[in-house]
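Raw coords_30.txt, compact mmCIF, C-alpha atoms:
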```
# COMPACT_ATOMS: atom_id res chain seq x y z
CA MET O 1 18.24 -24.94 26.32
CA PRO O 2 16.99 -21.38 25.96
CA GLY O 3 15.20 -20.64 22.70
CA LEU O 4 13.79 -17.66 20.86
CA ILE O 5 10.17 -16.60 21.23
CA LEU O 6 8.44 -14.25 18.84
CA THR O 7 5.89 -12.26 20.77
CA ARG O 8 3.14 -9.86 19.72
CA LEU O 9 4.33 -6.29 19.88
CA TYR O 10 1.38 -4.86 21.80
CA ALA O 11 1.47 -7.67 24.40
CA LEU O 12 4.95 -6.69 25.62
CA PRO O 13 5.64 -4.47 28.64
CA LYS O 14 7.66 -1.41 27.73
CA PRO O 15 11.33 -2.26 28.45
CA ALA O 16 13.48 0.01 30.58
CA CYS O 17 16.17 -0.12 27.92
CA ARG O 18 16.46 -1.21 24.32
CA VAL O 19 16.01 -4.95 23.90
CA ARG O 20 18.81 -6.51 21.91
CA THR O 21 18.43 -9.50 19.66
CA GLN O 22 20.08 -12.66 20.96
CA TRP O 23 20.10 -15.85 18.94
CA PHE O 24 20.01 -19.22 20.64
CA THR O 25 20.58 -22.58 19.01
CA SER O 26 17.56 -24.81 19.34
CA SER O 27 16.64 -28.35 18.46
CA ALA O 28 13.40 -26.88 17.11
CA ALA O 29 15.25 -25.05 14.34
CA VAL O 30 14.13 -25.95 10.81
CA LEU O 31 16.61 -25.42 8.00
CA GLY O 32 16.32 -25.76 4.25
CA LEU O 33 12.58 -25.77 3.61
CA LYS O 34 11.19 -26.01 0.09
CA VAL O 35 8.75 -23.10 -0.17
CA LEU O 36 5.93 -22.49 -2.66
CA PHE O 37 5.21 -18.76 -2.61
CA PHE O 38 1.76 -17.34 -3.51
CA GLY O 39 1.61 -13.61 -4.39
CA SER O 40 0.80 -11.00 -7.00
CA ASP O 41 1.45 -7.33 -6.09
CA GLU O 42 4.35 -5.09 -5.00
CA PHE O 43 4.10 -6.17 -1.36
CA SER O 44 4.43 -9.85 -2.25
CA ALA O 45 7.19 -9.15 -4.80
CA ARG O 46 9.33 -7.42 -2.15
CA ALA O 47 8.70 -10.29 0.30
CA LEU O 48 9.70 -12.77 -2.42
CA ARG O 49 13.00 -10.96 -2.93
CA ALA O 50 13.77 -11.14 0.79
CA LEU O 51 12.99 -14.88 0.91
CA HIS O 52 15.13 -15.46 -2.19
CA GLU O 53 18.04 -13.64 -0.52
CA ASN O 54 17.70 -16.04 2.42
CA THR O 55 18.43 -19.00 0.12
CA LYS O 56 21.93 -17.55 -0.40
CA SER O 57 22.76 -17.22 3.32
CA ALA O 58 25.12 -19.51 5.23
CA ASN O 59 22.33 -21.33 7.10
CA PRO O 60 19.24 -20.77 4.96
CA ALA O 61 15.77 -21.33 6.32
CA VAL O 62 14.65 -21.60 2.68
CA SER O 63 16.58 -24.00 0.45
CA HIS O 64 14.34 -23.73 -2.62
CA ILE O 65 11.49 -21.42 -3.66
CA GLU O 66 9.01 -21.31 -6.53
CA VAL O 67 6.15 -18.89 -7.23
CA VAL O 68 2.41 -19.21 -7.87
CA CYS O 69 0.66 -16.12 -9.27
CA PRO O 70 -2.37 -15.20 -11.42
CA PRO O 71 -1.79 -15.67 -15.17
CA PRO O 72 -1.07 -12.59 -17.31
CA GLN O 73 -3.99 -10.86 -18.99
CA HIS O 74 -3.86 -10.40 -22.77
CA LYS O 75 -5.64 -7.99 -25.06
CA LYS O 76 -5.84 -8.02 -28.84
CA ARG O 77 -4.04 -5.11 -30.48
CA GLY O 78 -4.59 -5.25 -34.21
CA LYS O 79 -3.75 -8.79 -35.26
CA LYS O 80 -1.56 -9.57 -32.26
CA MET O 81 -2.30 -10.48 -28.65
CA LYS O 82 -0.29 -8.34 -26.24
CA VAL O 83 0.13 -8.61 -22.49
CA GLU O 84 -2.11 -6.04 -20.79
CA TRP O 85 -1.21 -6.95 -17.21
CA ARG O 86 1.34 -9.17 -15.49
CA ALA O 87 1.69 -9.83 -11.76
CA THR O 88 4.57 -7.91 -10.15
CA SER O 89 5.64 -11.07 -8.32
CA GLU O 90 6.00 -12.86 -11.67
CA LYS O 91 8.16 -10.05 -13.08
CA TRP O 92 10.56 -10.35 -10.15
CA ALA O 93 10.49 -14.15 -10.22
CA ARG O 94 11.59 -14.06 -13.88
CA ARG O 95 14.42 -11.66 -13.02
CA LEU O 96 15.59 -13.90 -10.18
CA LEU O 97 15.25 -17.06 -12.33
CA ILE O 98 12.60 -18.51 -10.01
CA PRO O 99 10.18 -21.05 -11.58
CA VAL O 100 6.62 -19.69 -11.97
CA HIS O 101 3.28 -21.53 -11.86
CA TYR O 102 -0.01 -19.93 -12.93
CA CYS O 103 -3.21 -20.20 -10.94
CA GLY O 104 -5.79 -17.49 -10.33
CA GLY O 105 -9.42 -16.83 -9.52
CA ASN O 106 -11.72 -19.86 -9.61
CA ASP O 107 -8.97 -22.00 -11.14
CA ILE O 108 -7.66 -22.69 -7.65
CA LEU O 109 -10.70 -24.83 -6.81
CA GLY O 110 -9.48 -27.63 -9.09
CA TRP O 111 -5.77 -26.90 -8.78
CA ASP O 112 -3.19 -29.17 -7.16
CA VAL O 113 0.15 -28.23 -5.65
CA PRO O 114 2.93 -28.92 -8.18
CA LEU O 115 6.19 -30.73 -7.51
CA THR O 116 9.62 -29.13 -7.64
CA GLY O 117 11.41 -29.42 -10.97
CA GLU O 118 13.42 -32.54 -11.69
CA GLU O 119 16.45 -30.41 -12.56
CA PHE O 120 16.83 -29.39 -8.90
CA GLY O 121 17.58 -32.98 -7.84
CA HIS O 122 15.38 -33.18 -4.72
CA ARG O 123 14.78 -36.68 -3.37
CA ASP O 124 11.35 -35.63 -2.13
CA ARG O 125 9.95 -33.28 -4.77
CA ARG O 126 7.05 -32.13 -2.59
CA PHE O 127 7.09 -28.58 -1.22
CA ASP O 128 7.38 -28.42 2.59
CA ILE O 129 5.30 -25.28 3.20
CA GLY O 130 3.27 -22.62 1.42
CA VAL O 131 3.83 -18.89 2.04
CA VAL O 132 1.05 -16.49 0.99
CA ALA O 133 1.38 -12.71 0.58
CA SER O 134 -1.37 -10.67 -1.15
CA TYR O 135 -2.35 -13.49 -3.46
CA GLY O 136 -5.86 -12.16 -4.12
CA ALA O 137 -7.82 -15.42 -3.84
CA PHE O 138 -8.96 -17.62 -0.96
CA ILE O 139 -6.93 -20.82 -0.70
CA PRO O 140 -9.15 -23.78 0.29
CA PRO O 141 -8.19 -26.32 3.02
CA ARG O 142 -7.75 -29.01 0.33
CA ILE O 143 -4.64 -27.18 -0.90
CA MET O 144 -3.39 -26.29 2.59
CA ASN O 145 -3.42 -29.99 3.51
CA GLN O 146 -1.15 -30.84 0.57
CA PHE O 147 1.79 -29.15 2.33
CA PRO O 148 3.42 -31.28 5.10
CA LYS O 149 4.02 -28.17 7.22
CA GLY O 150 0.85 -26.32 6.22
CA MET O 151 0.76 -22.68 5.08
CA ILE O 152 1.57 -19.30 6.60
CA ASN O 153 0.48 -15.82 5.51
CA LEU O 154 2.14 -12.38 5.50
CA HIS O 155 -0.33 -9.57 6.20
CA PRO O 156 0.64 -5.84 6.14
CA SER O 157 -0.97 -4.81 9.43
CA LEU O 158 -0.77 -5.65 13.12
CA LEU O 159 -3.61 -8.16 13.24
CA PRO O 160 -6.36 -8.28 14.37
CA GLU O 161 -6.45 -4.66 13.16
CA TYR O 162 -7.18 -4.04 9.48
CA ARG O 163 -8.18 -7.47 8.31
CA GLY O 164 -9.10 -7.67 4.64
CA PRO O 165 -7.81 -6.64 1.20
CA THR O 166 -6.65 -3.02 1.78
CA PRO O 167 -4.87 -2.69 5.16
CA ILE O 168 -2.20 -0.28 3.89
CA GLN O 169 -4.65 2.02 2.12
CA THR O 170 -7.03 2.10 5.09
CA ALA O 171 -4.24 2.84 7.57
CA ILE O 172 -3.13 5.85 5.48
CA LEU O 173 -6.71 7.11 5.11
CA ASP O 174 -7.21 6.84 8.87
CA GLY O 175 -4.07 8.89 9.51
CA GLN O 176 -2.35 6.09 11.43
CA GLU O 177 1.26 6.70 12.44
CA ASN O 178 2.04 3.07 13.28
CA SER O 179 1.37 -0.19 11.53
CA GLY O 180 3.35 -3.37 10.90
CA VAL O 181 3.51 -6.82 9.35
CA THR O 182 2.06 -10.04 10.77
CA VAL O 183 3.04 -13.62 10.04
CA GLN O 184 0.07 -15.84 10.79
CA GLU O 185 -1.17 -19.36 10.25
CA MET O 186 -3.61 -19.72 7.36
CA HIS O 187 -7.19 -20.07 8.59
CA PRO O 188 -9.21 -22.79 6.80
CA THR O 189 -12.44 -20.77 6.48
CA ARG O 190 -11.76 -17.04 7.04
CA TYR O 191 -9.40 -14.37 5.77
CA ASP O 192 -6.69 -13.13 8.17
CA ALA O 193 -8.06 -14.98 11.21
CA GLY O 194 -5.25 -17.47 11.88
CA ARG O 195 -3.01 -17.76 14.92
CA ILE O 196 -0.34 -15.05 15.14
CA LEU O 197 3.22 -16.35 14.81
CA ALA O 198 5.17 -13.07 14.77
CA GLN O 199 4.77 -9.35 14.19
CA VAL O 200 7.13 -6.48 13.39
CA PRO O 201 6.22 -2.77 13.78
CA CYS O 202 6.49 -0.13 11.08
CA LYS O 203 6.25 3.67 11.22
CA ILE O 204 4.02 5.45 8.72
CA LEU O 205 5.65 8.81 8.03
CA LEU O 206 3.71 11.76 6.68
CA GLY O 207 3.83 11.61 2.89
CA MET O 208 4.39 7.86 2.55
CA THR O 209 2.36 6.46 -0.33
CA ARG O 210 0.80 3.06 -0.82
CA LEU O 211 3.78 1.98 -2.94
CA ASP O 212 6.32 3.22 -0.37
CA LEU O 213 4.70 1.14 2.37
CA MET O 214 4.26 -1.90 0.13
CA HIS O 215 7.99 -1.95 -0.59
CA LEU O 216 9.00 -1.31 3.03
CA MET O 217 6.51 -3.74 4.61
CA GLY O 218 7.15 -6.36 1.95
CA HIS O 219 10.87 -6.39 2.75
CA MET O 220 10.22 -6.46 6.49
CA GLY O 221 7.65 -9.24 6.04
CA GLY O 222 10.03 -11.34 3.95
CA GLU O 223 12.77 -10.98 6.56
CA LEU O 224 10.35 -11.84 9.34
CA ALA O 225 9.04 -14.89 7.45
CA SER O 226 12.61 -16.14 6.93
CA ARG O 227 13.22 -16.05 10.68
CA VAL O 228 9.91 -17.71 11.41
CA LEU O 229 10.67 -20.51 8.94
CA GLY O 230 14.05 -21.01 10.61
CA ARG O 231 12.35 -21.65 13.98
CA LEU O 232 8.99 -22.87 12.72
CA ASP O 233 8.19 -25.58 15.28
CA LEU O 234 9.23 -23.45 18.23
CA VAL O 235 7.35 -20.40 16.97
CA ARG O 236 4.17 -22.41 16.45
CA GLN O 237 4.31 -23.60 20.04
CA GLN O 238 4.29 -19.95 21.19
CA SER O 239 1.64 -18.71 18.71
CA GLN O 240 -1.39 -16.79 19.97
CA GLU O 241 -5.02 -16.55 18.98
CA GLN O 242 -6.27 -13.19 17.74
CA ASP O 243 -8.36 -11.02 20.05
CA GLU O 244 -11.72 -10.90 18.25
CA SER O 245 -12.81 -7.85 20.28
CA ARG O 246 -10.10 -5.75 18.58
CA VAL O 247 -10.92 -6.74 15.00
CA THR O 248 -11.25 -4.00 12.40
CA LYS O 249 -11.95 -4.76 8.74
CA THR O 250 -11.10 -3.13 5.43
CA ARG O 251 -12.87 -3.07 2.08
CA LEU O 252 -12.03 -2.71 -1.59
CA TYR O 253 -12.11 0.84 -2.98
CA ALA O 254 -13.62 1.81 -6.33
CA HIS O 255 -13.23 4.77 -8.68
CA MET O 256 -16.17 6.65 -7.12
CA ASP O 257 -14.53 6.52 -3.69
CA LEU O 258 -11.76 8.84 -4.92
CA ARG O 259 -13.93 11.75 -6.06
CA VAL O 260 -12.92 14.97 -4.31
CA ASN O 261 -15.69 16.69 -2.37
CA TRP O 262 -14.51 20.29 -2.08
CA GLU O 263 -17.38 21.17 0.30
CA THR O 264 -16.23 18.79 3.04
CA MET O 265 -12.66 17.56 2.43
CA SER O 266 -9.66 19.28 4.00
CA ALA O 267 -6.30 19.46 2.27
CA MET O 268 -5.02 16.58 4.40
CA ASP O 269 -8.09 14.46 3.56
CA ILE O 270 -7.37 14.87 -0.15
CA MET O 271 -3.67 14.16 0.26
CA ARG O 272 -4.29 11.01 2.32
CA MET O 273 -6.66 9.79 -0.36
CA HIS O 274 -3.94 10.46 -2.95
CA TRP O 275 -1.20 8.75 -0.90
CA ALA O 276 -3.39 5.74 -0.07
CA HIS O 277 -4.15 4.89 -3.71
CA TYR O 278 -1.05 6.24 -5.44
CA GLY O 279 -0.10 4.15 -8.46
CA HIS O 280 -3.44 2.31 -8.52
CA ILE O 281 -6.48 4.60 -8.64
CA ASN O 282 -6.26 8.36 -9.19
CA VAL O 283 -8.00 11.11 -7.24
CA TRP O 284 -10.40 12.91 -9.58
CA THR O 285 -12.78 15.85 -9.83
CA PHE O 286 -14.89 17.82 -12.33
CA LEU O 287 -14.09 20.95 -14.35
CA ARG O 288 -16.73 22.97 -16.19
CA LEU O 289 -15.56 24.45 -19.52
CA LYS O 290 -18.33 26.49 -21.18
CA ASN O 291 -20.93 23.90 -22.14
CA LYS O 292 -18.86 20.85 -21.17
CA ILE O 293 -18.24 19.01 -17.92
CA LEU O 294 -14.76 17.45 -17.97
CA HIS O 295 -13.56 14.55 -15.84
CA VAL O 296 -10.09 15.44 -14.47
CA LYS O 297 -7.70 13.00 -12.79
CA LEU O 298 -5.13 14.56 -10.45
CA LEU O 299 -2.06 12.36 -11.00
CA GLU O 300 0.50 14.21 -8.87
CA LEU O 301 -0.39 16.14 -5.72
CA SER O 302 1.73 17.61 -2.95
CA LEU O 303 1.50 19.89 0.07
CA PRO O 304 3.19 23.31 0.16
CA LYS O 305 6.67 23.40 1.63
CA LYS O 306 7.46 25.19 4.85
CA ASP O 307 7.28 29.00 4.51
CA GLN O 308 6.02 28.67 0.90
CA LYS O 309 3.78 31.67 0.23
CA PRO O 310 0.39 31.21 -1.46
CA LEU O 311 -0.01 32.34 -5.06
CA GLU O 312 -2.87 34.64 -4.03
CA GLU O 313 -2.73 36.75 -0.87
CA ASN O 314 -6.52 36.60 -0.53
CA PHE O 315 -6.72 32.83 -1.10
CA LEU O 316 -9.03 32.44 1.94
CA ASP O 317 -11.63 34.52 0.13
CA LEU O 318 -11.62 32.14 -2.83
CA CYS O 319 -14.00 29.20 -3.07
CA PRO O 320 -12.45 25.78 -2.29
CA GLY O 321 -11.42 24.17 -5.58
CA THR O 322 -10.51 27.48 -7.27
CA ILE O 323 -7.48 27.06 -9.55
CA MET O 324 -4.64 29.50 -8.82
CA HIS O 325 -1.70 29.68 -11.22
CA ARG O 326 1.18 31.90 -12.26
CA ARG O 327 3.00 31.94 -15.56
CA LEU O 328 6.34 30.45 -14.48
CA VAL O 329 5.23 28.48 -11.41
CA PRO O 330 5.39 24.71 -12.13
CA TYR O 331 2.23 23.84 -10.17
CA LEU O 332 -1.40 24.81 -9.78
CA GLU O 333 -2.45 25.77 -6.27
CA ILE O 334 -5.91 24.85 -5.01
CA PRO O 335 -7.41 26.15 -1.73
CA CYS O 336 -9.42 23.78 0.46
CA ILE O 337 -12.30 24.17 2.91
CA ASP O 338 -10.02 24.14 6.00
CA GLY O 339 -7.74 26.92 4.73
CA GLY O 340 -5.11 24.46 3.52
CA ARG O 341 -3.70 24.33 0.00
CA ILE O 342 -2.62 21.55 -2.32
CA HIS O 343 -0.34 21.67 -5.36
CA ALA O 344 -1.16 19.75 -8.55
CA THR O 345 1.43 19.14 -11.29
CA ARG O 346 0.10 16.38 -13.59
CA PHE O 347 -3.39 15.71 -14.94
CA VAL O 348 -5.46 13.51 -17.24
CA VAL O 349 -8.47 15.26 -18.77
CA ALA O 350 -11.33 13.23 -20.29
CA SER O 351 -9.18 10.08 -20.72
CA LYS O 352 -6.64 11.90 -22.90
CA GLN O 353 -2.86 11.69 -22.57
CA PRO O 354 -1.33 12.94 -19.29
CA CYS O 355 -0.34 16.60 -19.30
CA ASP O 356 1.71 18.83 -17.03
CA ARG O 357 0.61 22.03 -15.30
CA PHE O 358 1.56 24.29 -18.25
CA GLN O 359 -0.28 22.20 -20.84
CA PHE O 360 -3.33 22.00 -18.59
CA ALA O 361 -3.39 25.77 -18.00
CA ALA O 362 -2.93 26.57 -21.70
CA GLY O 363 -5.67 24.22 -22.81
CA TYR O 364 -8.33 24.60 -20.14
CA ILE O 365 -7.97 27.65 -17.87
CA LYS O 366 -6.02 30.26 -19.87
CA LYS O 367 -9.18 32.17 -20.83
CA ASN O 368 -11.06 31.41 -17.62
CA LYS O 369 -9.36 33.13 -14.70
CA THR O 370 -12.12 32.10 -12.25
CA ALA O 371 -12.02 28.38 -13.12
CA ARG O 372 -12.55 26.02 -10.23
CA PHE O 373 -12.88 22.29 -9.76
CA LEU O 374 -16.34 20.97 -8.89
CA SER O 375 -17.50 18.21 -6.61
CA GLN O 376 -20.34 17.23 -8.95
CA GLY O 377 -21.08 17.64 -12.62
CA ASP O 378 -23.49 20.56 -13.13
CA ASP O 379 -26.23 20.77 -15.72
CA VAL O 380 -24.48 22.63 -18.56
CA ARG O 381 -27.80 24.10 -19.72
CA ARG O 382 -27.92 26.22 -16.56
CA PRO O 383 -25.50 28.81 -15.14
CA GLN O 384 -22.81 27.42 -12.84
CA GLN O 385 -24.10 27.13 -9.28
CA PRO O 386 -22.30 29.13 -6.57
CA PHE O 387 -20.20 27.27 -4.04
CA ARG O 388 -22.23 26.08 -1.05
CA TYR O 389 -20.41 26.27 2.25
CA PRO O 390 -21.43 23.66 4.86
CA GLU O 391 -23.76 24.74 7.67
CA GLY O 392 -21.91 26.39 10.53
CA TYR O 393 -18.81 27.07 8.39
CA GLN O 394 -16.36 29.62 9.76
CA LYS O 395 -13.66 31.20 7.63
CA PRO O 396 -10.21 29.90 8.68
CA ASP O 397 -7.80 32.26 10.40
CA LEU O 398 -5.06 33.51 8.04
CA GLU O 399 -2.23 33.01 10.53
CA HIS O 400 -3.37 29.44 11.24
CA ALA O 401 -3.70 28.67 7.53
CA LEU O 402 -0.16 29.86 6.84
CA ARG O 403 1.29 27.86 9.75
CA MET O 404 -0.37 24.58 8.76
CA TYR O 405 2.78 23.40 6.99
CA ASP O 406 5.43 24.48 9.49
CA THR O 407 6.30 20.79 10.05
CA PRO O 408 8.66 19.85 7.20
CA MET O 409 7.99 16.70 5.21
CA PRO O 410 10.35 13.86 6.25
CA LYS O 411 13.00 12.45 3.97
CA LEU O 412 11.24 9.23 3.06
CA ARG O 413 14.26 7.47 1.62
CA GLN O 414 15.68 7.17 5.14
CA ALA O 415 12.65 5.06 6.09
CA LEU O 416 12.70 2.93 2.95
CA GLU O 417 16.20 1.48 3.01
CA PRO O 418 15.73 -2.08 1.71
CA ASP O 419 18.68 -3.51 3.66
CA GLN O 420 17.35 -2.30 7.00
CA GLU O 421 16.73 -5.06 9.54
CA PRO O 422 13.34 -5.39 11.29
CA SER O 423 13.15 -3.60 14.63
CA GLU O 424 14.98 -5.42 17.42
CA ASP O 425 12.14 -4.59 19.80
CA THR O 426 10.08 -7.29 18.13
CA TRP O 427 12.51 -10.08 18.97
CA VAL O 428 12.47 -10.86 22.67
CA THR O 429 14.36 -13.64 24.41
CA ASP O 430 12.80 -15.56 27.27
CA PRO O 431 15.38 -17.25 29.55
CA ASP O 432 12.73 -19.68 30.83
CA ALA O 433 11.80 -20.96 27.36
CA GLN O 434 12.81 -24.54 26.68
```

Can you turn what I pasted into structure tokens?
Amino acid sequence: MPGLILTRLYALPKPACRVRTQWFTSSAAVLGLKVLFFGSDEFSARALRALHENTKSANPAVSHIEVVCPPPQHKKRGKKMKVEWRATSEKWARRLLIPVHYCGGNDILGWDVPLTGEEFGHRDRRFDIGVVASYGAFIPPRIMNQFPKGMINLHPSLLPEYRGPTPIQTAILDGQENSGVTVQEMHPTRYDAGRILAQVPCKILLGMTRLDLMHLMGHMGGELASRVLGRLDLVRQQSQEQDESRVTKTRLYAHMDLRVNWETMSAMDIMRMHWAHYGHINVWTFLRLKNKILHVKLLELSLPKKDQKPLEENFLDLCPGTIMHRRLVPYLEIPCIDGGRIHATRFVVASKQPCDRFQFAAGYIKKNKTARFLSQGDDVRRPQQPFRYPEGYQKPDLEHALRMYDTPMPKLRQALEPDQEPSEDTWVTDPDAQ
């Protein structure tokens, strides 16, 4: 009897017409699995919500789900201990009344898979399968072997591209327009190197932030995992090894990686850095104020809108990083080395409370009309060094600089609808499959 095969997106020939999803009944279908979900961040929380919704469907692939996440971090405030950090997956699990188990860091080495609660009335209280999504720790084979059906992993990229801890951030920094989510088998010794079970594509629109893509890909990944779990045996028969020649890897980013270099970075470079780490690490720079060098975080950045005129007609004559402002304009405009401009609206100066554009201008640049942001902290005992243009620099053409933003920013909400189904092009039926 024909069955459903999940095939890698880039291995498919381009169809002459749109491929429609067709569901076939199959003896290989697996219904009602007890799932133990491992996750911590926004991506895993959105995937958890999609898997939880599947438990309410007519023919659920997931009959029961519980969550494993890192324990909350506490900090002493006066005489009381208060929660400093809590995993996003735990917050959503509590809202959805899903049982939560704590395990994080090196604790997993001596940890054993729990049983389902007695109140759920399962004859066999063992979990059938483990599902991992951005858990943040390597799960050893000893734990994988405690699940009768093993473990699968959701990864927010089209593997083997962007293996590692920051696939979403790296894709944004690289200016990628396409990415996706992969469901793979857990590899016993390496991160993100298991056999590919299924993949779904995802468009990265200009202006999408790390959080936007985490929510979108998390939902798509949870939907994809639900379908994989519903046809688990059949999908595993059709799984494919990763092409090691196409592997690209990602790395963790630190605070120093987000320092703006006004001598080399274009406006789009700065904005991609802001989008890639939005809500996690802030883009930052230096500001010299008399005999002080201030550390300034740029919390909210944006690009000029189409046909939006610059605040200074001669902005190309200004040094990159120069702060342009007008009394009633709700943003500061900053020229960049390529002739582009960025708008900044919220700041944190020297670890103080966040301030808006008006508070920042009144406190730091009101009496300094030539203030500019710096790439490095100068020696305050010496006069401020002039801006050094890179070797071979040519002043951008005014007409080109004004036309850089003719392409309007897309309406992101249209791409982030949570109820949107994964692309049908990912699901392909093979009439010869048995």

(request) Tell me, in Å to one decimal, how far CA of Gln240 (chain O) is from CA of Thr182 (chain O). (result)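 CA of Thr182 (chain O) lies at a distance of 11.9 Å from CA of Gln240 (chain O).
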
(message) From the options O:Ala47, O:Met271, O:Leu158, O:Cys355, which residue's atoms come nearest to His219 (chain O), counting all atoms listed in the file?
(response) O:Ala47

(request) Please measure the separation of CA of Leu48 (chain O) and CA of Val228 (chain O), giving the value in Å to one decimal. (result)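 We find that CA of Leu48 (chain O) and CA of Val228 (chain O) lie 14.7 Å from each other.
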
(request) Record the distance separating CA of Tyr135 (chain O) and CA of Ala45 (chain O), expressed in Å with one decimal. (result)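 Separating CA of Tyr135 (chain O) from CA of Ala45 (chain O) is a distance of 10.6 Å.
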
May I have a table of the residues of region 70-165 of chain O lying at most 12 Å from region 173-181 of chain O, giving each one's closest pair of atoms and their distance in Å to one decimal, counting only C-alpha atoms, ordered by chain and ascending residue number, as a Markdown table?
```
| residue | atom | partner | partner_atom | distance |
| --- | --- | --- | --- | --- |
| O:Ala133 | CA | O:Val181 | CA | 10.8 |
| O:Asn153 | CA | O:Val181 | CA | 10.2 |
| O:Leu154 | CA | O:Val181 | CA | 6.9 |
| O:His155 | CA | O:Val181 | CA | 5.7 |
| O:Pro156 | CA | O:Val181 | CA | 4.4 |
| O:Ser157 | CA | O:Gly180 | CA | 4.8 |
| O:Leu158 | CA | O:Gly180 | CA | 5.2 |
| O:Leu159 | CA | O:Val181 | CA | 8.2 |
| O:Pro160 | CA | O:Val181 | CA | 11.2 |
| O:Glu161 | CA | O:Ser179 | CA | 9.2 |
| O:Tyr162 | CA | O:Ser179 | CA | 9.6 |
| O:Arg163 | CA | O:Val181 | CA | 11.8 |
```

(message) Under the rule that only C-alpha atoms are counted, which of O:Gly194, O:Ala267, O:His64, O:Arg357 is the nearest residue to Gly121 (chain O)?
(response)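 Closest candidate: O:His64.
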
(message) Just want the 12 Å neighbourhood of region 328-332 of chain O, counted on all atoms listed in the file, with same-chain residues fewer than 2 positions away dropped. Output as a ChimeraX atom specification.
(response) /O:298,300-304,310-312,321-326,334-335,341-347,355-361,365,371-373

Output C-alpha atoms of each residue in that selection to a file, as a PDB file, keeping the file's coordinate frame.
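The new file part_1.pdb reads:
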```
ATOM      1  CA  LEU O 298      -5.130  14.560 -10.450  1.00  0.00           C
ATOM      2  CA  GLU O 300       0.500  14.210  -8.870  1.00  0.00           C
ATOM      3  CA  LEU O 301      -0.390  16.140  -5.720  1.00  0.00           C
ATOM      4  CA  SER O 302       1.730  17.610  -2.950  1.00  0.00           C
ATOM      5  CA  LEU O 303       1.500  19.890   0.070  1.00  0.00           C
ATOM      6  CA  PRO O 304       3.190  23.310   0.160  1.00  0.00           C
ATOM      7  CA  PRO O 310       0.390  31.210  -1.460  1.00  0.00           C
ATOM      8  CA  LEU O 311      -0.010  32.340  -5.060  1.00  0.00           C
ATOM      9  CA  GLU O 312      -2.870  34.640  -4.030  1.00  0.00           C
ATOM     10  CA  GLY O 321     -11.420  24.170  -5.580  1.00  0.00           C
ATOM     11  CA  THR O 322     -10.510  27.480  -7.270  1.00  0.00           C
ATOM     12  CA  ILE O 323      -7.480  27.060  -9.550  1.00  0.00           C
ATOM     13  CA  MET O 324      -4.640  29.500  -8.820  1.00  0.00           C
ATOM     14  CA  HIS O 325      -1.700  29.680 -11.220  1.00  0.00           C
ATOM     15  CA  ARG O 326       1.180  31.900 -12.260  1.00  0.00           C
ATOM     16  CA  ILE O 334      -5.910  24.850  -5.010  1.00  0.00           C
ATOM     17  CA  PRO O 335      -7.410  26.150  -1.730  1.00  0.00           C
ATOM     18  CA  ARG O 341      -3.700  24.330   0.000  1.00  0.00           C
ATOM     19  CA  ILE O 342      -2.620  21.550  -2.320  1.00  0.00           C
ATOM     20  CA  HIS O 343      -0.340  21.670  -5.360  1.00  0.00           C
ATOM     21  CA  ALA O 344      -1.160  19.750  -8.550  1.00  0.00           C
ATOM     22  CA  THR O 345       1.430  19.140 -11.290  1.00  0.00           C
ATOM     23  CA  ARG O 346       0.100  16.380 -13.590  1.00  0.00           C
ATOM     24  CA  PHE O 347      -3.390  15.710 -14.940  1.00  0.00           C
ATOM     25  CA  CYS O 355      -0.340  16.600 -19.300  1.00  0.00           C
ATOM     26  CA  ASP O 356       1.710  18.830 -17.030  1.00  0.00           C
ATOM     27  CA  ARG O 357       0.610  22.030 -15.300  1.00  0.00           C
ATOM     28  CA  PHE O 358       1.560  24.290 -18.250  1.00  0.00           C
ATOM     29  CA  GLN O 359      -0.280  22.200 -20.840  1.00  0.00           C
ATOM     30  CA  PHE O 360      -3.330  22.000 -18.590  1.00  0.00           C
ATOM     31  CA  ALA O 361      -3.390  25.770 -18.000  1.00  0.00           C
ATOM     32  CA  ILE O 365      -7.970  27.650 -17.870  1.00  0.00           C
ATOM     33  CA  ALA O 371     -12.020  28.380 -13.120  1.00  0.00           C
ATOM     34  CA  ARG O 372     -12.550  26.020 -10.230  1.00  0.00           C
ATOM     35  CA  PHE O 373     -12.880  22.290  -9.760  1.00  0.00           C
TER      36      PHE O 373
END
```

(request) Check the smallest atom-to-atom distance from each of O:Cys336, O:Leu299, O:Val35, O:Leu234 to Ser63 (chain O) using all atoms listed in the file, then report the winner. (result) O:Val35

Kindly list the centre and edge lengths in Å, rounded to one decimal, for the axis-aligned box that covers all listed atoms of region 229-236 of chain O plus 8 Å on each of its six sides, as AutoDock Vina command-line options.
```
--center_x 9.1 --center_y -23.0 --center_z 13.6 --size_x 25.9 --size_y 21.2 --size_z 25.3
```
